[in-house]
Amino acid sequence: MERRTTAGARAAVSRGLATYRRVDYNRHPRRTLAQTRRGGIPISARTLTEAGDGRLTIAIPAKGRLREPSSHLLEVAGLAPEQPGERALAFPCRNAPVDVLLVRAADIPEYVQDGVVDCGITGADLVRERGARVRQLLQLDFGGCTLQAAVPQENEATAVEDLAGMRVATVFPRLTAELLAERDVEVELVDVTGSVEVAPRLGLADAIVDLVSSGNTMRTNGLRSLGVLFSSEAVLISREDPDEDAEQLGRVFKSVVDARAARYLMMNAPAEALPAISNIVPGRRSPTVIPLSEDGMNAVHVLVPAAEVWQLLPKLEEAGASSILLVPVERMLG
Ligand code: AMP
């Protein structure tokens with residue numbers, strides 16, 4: 001954990017160490033924190049994957065928005081992660097040779113790149129911001145948000161291009177610089193560490209670039225969006241040359257992600273309604289039709305996109321379907 005010294009703590013730092021302007025977590029005056037790490041993780045830190053016991057290590061966020069959905073994904077994928085104690089930072093899975101490491105979401109791209117862990121779950125925005133050389137194995141369909149540029153309501157800007165020449169506060173300086181450069185928009189970036197939304201009010205910046213999901217925080221702070229620069233969601237990442245186990249984990253997760261987006265629809269229908277029903281249900285496969293003991297009646301089973309269910313059901317009823325059942329799908333392979 002990196003901490004700037006408070007005024008009191010700085011006074012306690014001995015003369016020789018004062019130039020570092022940081023003290024350790026316990027404010028011990030003679031032990032400075034290490035400088036922020038640049039580049040690869042030292043070999044001595046690479047203990048987990050080098051244990052050579054054939055276990056796969058996956059880093060997931062220790063807290064924040066991505067924590068719960070990440071551990072839920074491990075659970076639903078059948079890995080049976082053990083319940084970590086309150087302070088545990090690593091724990092094994094019962095059903096698979098996988099060890100889970102809890103770390104800061106922002107550190108995961110580098111941990112994966114440097115081989116400290118085999119793979120990780122984090123935000124696509126953080127992967128880009130850290131400039132990590134990793135492979136994205138899968139989009140996980142949670143943690144969705146967008147990186148947006150915004151200005152105070154009273155500002156005259158109406159488009160991202162209008163940011164040119166402005167001071168723009170963000171906690172994503174690298175990603176923002178890249179995205180604005182792609183649009184040939186030159187700005188002065190103000191690198192802040194949190195509470196970006198208040199930067200214009202404090203006079204630190206004219207505009208901000210920040211993550212948005214509902215837009216409420218921006219509105220509450222009197223800001224107006226100029227548009228989306230980047231869409232993000234949680235992703236599974238591995239080293240650029242993933243080993244087979246990491247790719248296998250990617251396939252298992254994919255079966256869960258795909259299944260979450262689908263529903264299994266079961267209904268009864270008379271023979272004459274079957275052509276209309278086949279036309280209504282979308283999907284790659286034709287419905288399964290099973291004759292029932294009642295003459296002329298059939299059971300029809302079909303996999304449909306979850307997002308389309310609400311508009312499908314009334315159409316199916318109208319076409320003659322009855323006893324319609326909708327069930328969730330746990331896994332989808334092939
Ligand atoms: P957190 O640890 O809660 O600060 O969030 C870390 C990651 O969650 C971000 O880097 C994003 O990938 C994702 N995320 C999803 N929605 C939002 C949001 N509204 N604001 C910030 N981060 C979000």
# chains A, B, ... in the order shown; residues from 1 in each chain; ligands from 1

call {"tool": "residues_near_ligand", "arguments": {"ligand": "ligand 1", "cutoff": "9 Å", "atoms": "only C-alpha atoms and all ligand atoms", "output": "NGL selection string"}}
result
:A and (61-67 or 104-106 or 122-127 or 142-147 or 210-215 or 217 or 232-235)

call {"tool": "residues_around", "arguments": {"residues": "Ile290 in chain A", "least_positions_apart": "4", "cutoff": "10 Å", "atoms": "only C-alpha atoms", "output": "ChimeraX atom specification"}}
result
/A:268,297-301

call {"tool": "select_by_dssp", "arguments": {"residues": "range 42-224 of chain A", "states": "strand (DSSP E or B)", "output": "ChimeraX atom specification"}}
result
/A:56-61,81,90-93,98-103,119-123,134-139,145-152,167-170,188-191,207-212,223-224

call {"tool": "write_last_selection", "arguments": {"atoms": "C-alpha atoms", "output": "mmCIF file, in the first residue's frame"}}
result
data_model
loop_
_atom_site.group_PDB
_atom_site.id
_atom_site.type_symbol
_atom_site.label_atom_id
_atom_site.label_comp_id
_atom_site.auth_asym_id
_atom_site.auth_seq_id
_atom_site.Cartn_x
_atom_site.Cartn_y
_atom_site.Cartn_z
ATOM 1 C CA LEU A 56 -3.231 -23.107 -11.744
ATOM 2 C CA THR A 57 -3.251 -19.738 -9.980
ATOM 3 C CA ILE A 58 -5.891 -17.110 -10.682
ATOM 4 C CA ALA A 59 -5.917 -13.602 -9.236
ATOM 5 C CA ILE A 60 -9.283 -11.982 -8.559
ATOM 6 C CA PRO A 61 -10.058 -8.545 -7.100
ATOM 7 C CA PRO A 81 -13.477 -22.117 -4.001
ATOM 8 C CA ALA A 90 -5.073 -16.874 -1.038
ATOM 9 C CA PHE A 91 -7.229 -19.976 -0.893
ATOM 10 C CA PRO A 92 -7.592 -23.205 -2.870
ATOM 11 C CA CYS A 93 -10.545 -24.603 -4.813
ATOM 12 C CA VAL A 98 -6.752 -24.059 -8.845
ATOM 13 C CA ASP A 99 -5.522 -21.569 -6.232
ATOM 14 C CA VAL A 100 -7.183 -18.192 -5.936
ATOM 15 C CA LEU A 101 -5.275 -15.069 -4.975
ATOM 16 C CA LEU A 102 -7.059 -11.918 -3.769
ATOM 17 C CA VAL A 103 -5.300 -8.755 -4.933
ATOM 18 C CA CYS A 119 -4.461 -15.803 -15.090
ATOM 19 C CA GLY A 120 -6.647 -13.136 -13.587
ATOM 20 C CA ILE A 121 -10.015 -11.427 -13.618
ATOM 21 C CA THR A 122 -10.027 -7.640 -13.809
ATOM 22 C CA GLY A 123 -11.525 -4.732 -15.738
ATOM 23 C CA VAL A 134 -1.371 -10.122 -21.610
ATOM 24 C CA ARG A 135 -3.888 -12.098 -23.626
ATOM 25 C CA GLN A 136 -7.603 -11.498 -23.143
ATOM 26 C CA LEU A 137 -9.115 -14.988 -23.016
ATOM 27 C CA LEU A 138 -12.736 -14.056 -22.402
ATOM 28 C CA GLN A 139 -15.157 -11.197 -21.825
ATOM 29 C CA CYS A 145 -19.101 0.465 -17.566
ATOM 30 C CA THR A 146 -17.937 3.168 -19.935
ATOM 31 C CA LEU A 147 -15.107 5.677 -19.762
ATOM 32 C CA GLN A 148 -16.728 9.013 -20.511
ATOM 33 C CA ALA A 149 -15.596 12.591 -20.870
ATOM 34 C CA ALA A 150 -17.697 15.157 -19.023
ATOM 35 C CA VAL A 151 -17.791 18.869 -18.335
ATOM 36 C CA PRO A 152 -19.702 21.053 -15.831
ATOM 37 C CA ARG A 167 -7.304 20.580 -18.425
ATOM 38 C CA VAL A 168 -8.770 17.101 -18.014
ATOM 39 C CA ALA A 169 -8.689 15.268 -14.662
ATOM 40 C CA THR A 170 -8.660 11.468 -14.633
ATOM 41 C CA GLU A 188 -3.533 18.828 -20.539
ATOM 42 C CA LEU A 189 -4.032 15.755 -18.362
ATOM 43 C CA VAL A 190 -4.373 16.209 -14.617
ATOM 44 C CA ASP A 191 -3.584 12.894 -12.945
ATOM 45 C CA ALA A 207 -13.305 18.549 -17.582
ATOM 46 C CA ILE A 208 -12.996 14.961 -16.410
ATOM 47 C CA VAL A 209 -12.659 11.502 -17.917
ATOM 48 C CA ASP A 210 -14.070 8.812 -15.641
ATOM 49 C CA LEU A 211 -15.877 5.482 -15.479
ATOM 50 C CA VAL A 212 -19.633 5.609 -15.548
ATOM 51 C CA LEU A 223 -21.508 17.226 -14.879
ATOM 52 C CA ARG A 224 -22.691 16.568 -18.429
#

call {"tool": "closest_residue", "arguments": {"among": "A:Arg285, A:Lys254, A:Ser238, A:Gly320", "to": "Pro270 in chain A", "atoms": "only C-alpha atoms"}}
result
A:Gly320

call {"tool": "residues_around", "arguments": {"residues": "Leu74 in chain A", "least_positions_apart": "3", "cutoff": "10 Å", "atoms": "only C-alpha atoms", "output": "PyMOL selection string"}}
result
chain A and resi 60+69-71+77-81+93+100+249+252-253+256

call {"tool": "write_last_selection", "arguments": {"atoms": "N, CA and C atoms", "output": "compact mmCIF listing (two decimals), in the first residue's frame"}}
result
# COMPACT_ATOMS: atom_id res chain seq x y z
N ILE A 60 -8.01 -12.69 -8.41
CA ILE A 60 -9.28 -11.98 -8.56
C ILE A 60 -9.26 -10.76 -7.63
N PRO A 69 -18.87 -10.67 -8.08
CA PRO A 69 -19.15 -11.42 -9.32
C PRO A 69 -18.01 -12.34 -9.74
N SER A 70 -16.78 -12.00 -9.39
CA SER A 70 -15.65 -12.86 -9.75
C SER A 70 -15.70 -14.15 -8.94
N SER A 71 -15.88 -14.04 -7.61
CA SER A 71 -15.90 -15.29 -6.84
C SER A 71 -17.15 -16.09 -7.15
N ALA A 77 -18.95 -21.98 -11.85
CA ALA A 77 -18.19 -22.81 -12.79
C ALA A 77 -17.86 -24.17 -12.16
N GLY A 78 -18.20 -24.33 -10.87
CA GLY A 78 -18.03 -25.64 -10.23
C GLY A 78 -16.67 -25.85 -9.61
N LEU A 79 -15.87 -24.78 -9.48
CA LEU A 79 -14.53 -24.95 -8.92
C LEU A 79 -14.56 -25.12 -7.40
N ALA A 80 -15.66 -24.71 -6.79
CA ALA A 80 -15.82 -24.79 -5.33
C ALA A 80 -14.68 -24.13 -4.58
N PRO A 81 -14.52 -22.80 -4.77
CA PRO A 81 -13.48 -22.12 -4.00
C PRO A 81 -13.80 -22.18 -2.52
N CYS A 93 -9.22 -24.12 -4.41
CA CYS A 93 -10.54 -24.60 -4.81
C CYS A 93 -10.60 -26.09 -4.48
N VAL A 100 -6.67 -19.54 -5.68
CA VAL A 100 -7.18 -18.19 -5.94
C VAL A 100 -6.41 -17.20 -5.07
N LEU A 249 -9.44 -23.30 -18.43
CA LEU A 249 -10.26 -22.52 -17.50
C LEU A 249 -11.11 -21.52 -18.27
N VAL A 252 -14.11 -23.28 -19.60
CA VAL A 252 -15.10 -23.56 -18.54
C VAL A 252 -15.89 -22.28 -18.23
N PHE A 253 -15.17 -21.17 -18.07
CA PHE A 253 -15.85 -19.90 -17.80
C PHE A 253 -16.78 -19.52 -18.96
N VAL A 256 -20.13 -20.97 -18.79
CA VAL A 256 -21.01 -20.31 -17.81
C VAL A 256 -21.53 -18.99 -18.38

call {"tool": "atom_distance", "arguments": {"atom1": "CA of Glu86 in chain A", "atom2": "CA of Glu68 in chain A"}}
result
14.2 Å

call {"tool": "residues_around", "arguments": {"residues": "range 272-280 of chain A", "least_positions_apart": "3", "cutoff": "8 Å", "atoms": "only C-alpha atoms", "output": "PyMOL selection string"}}
result
chain A and resi 269+286-287+312+315-316+319-321
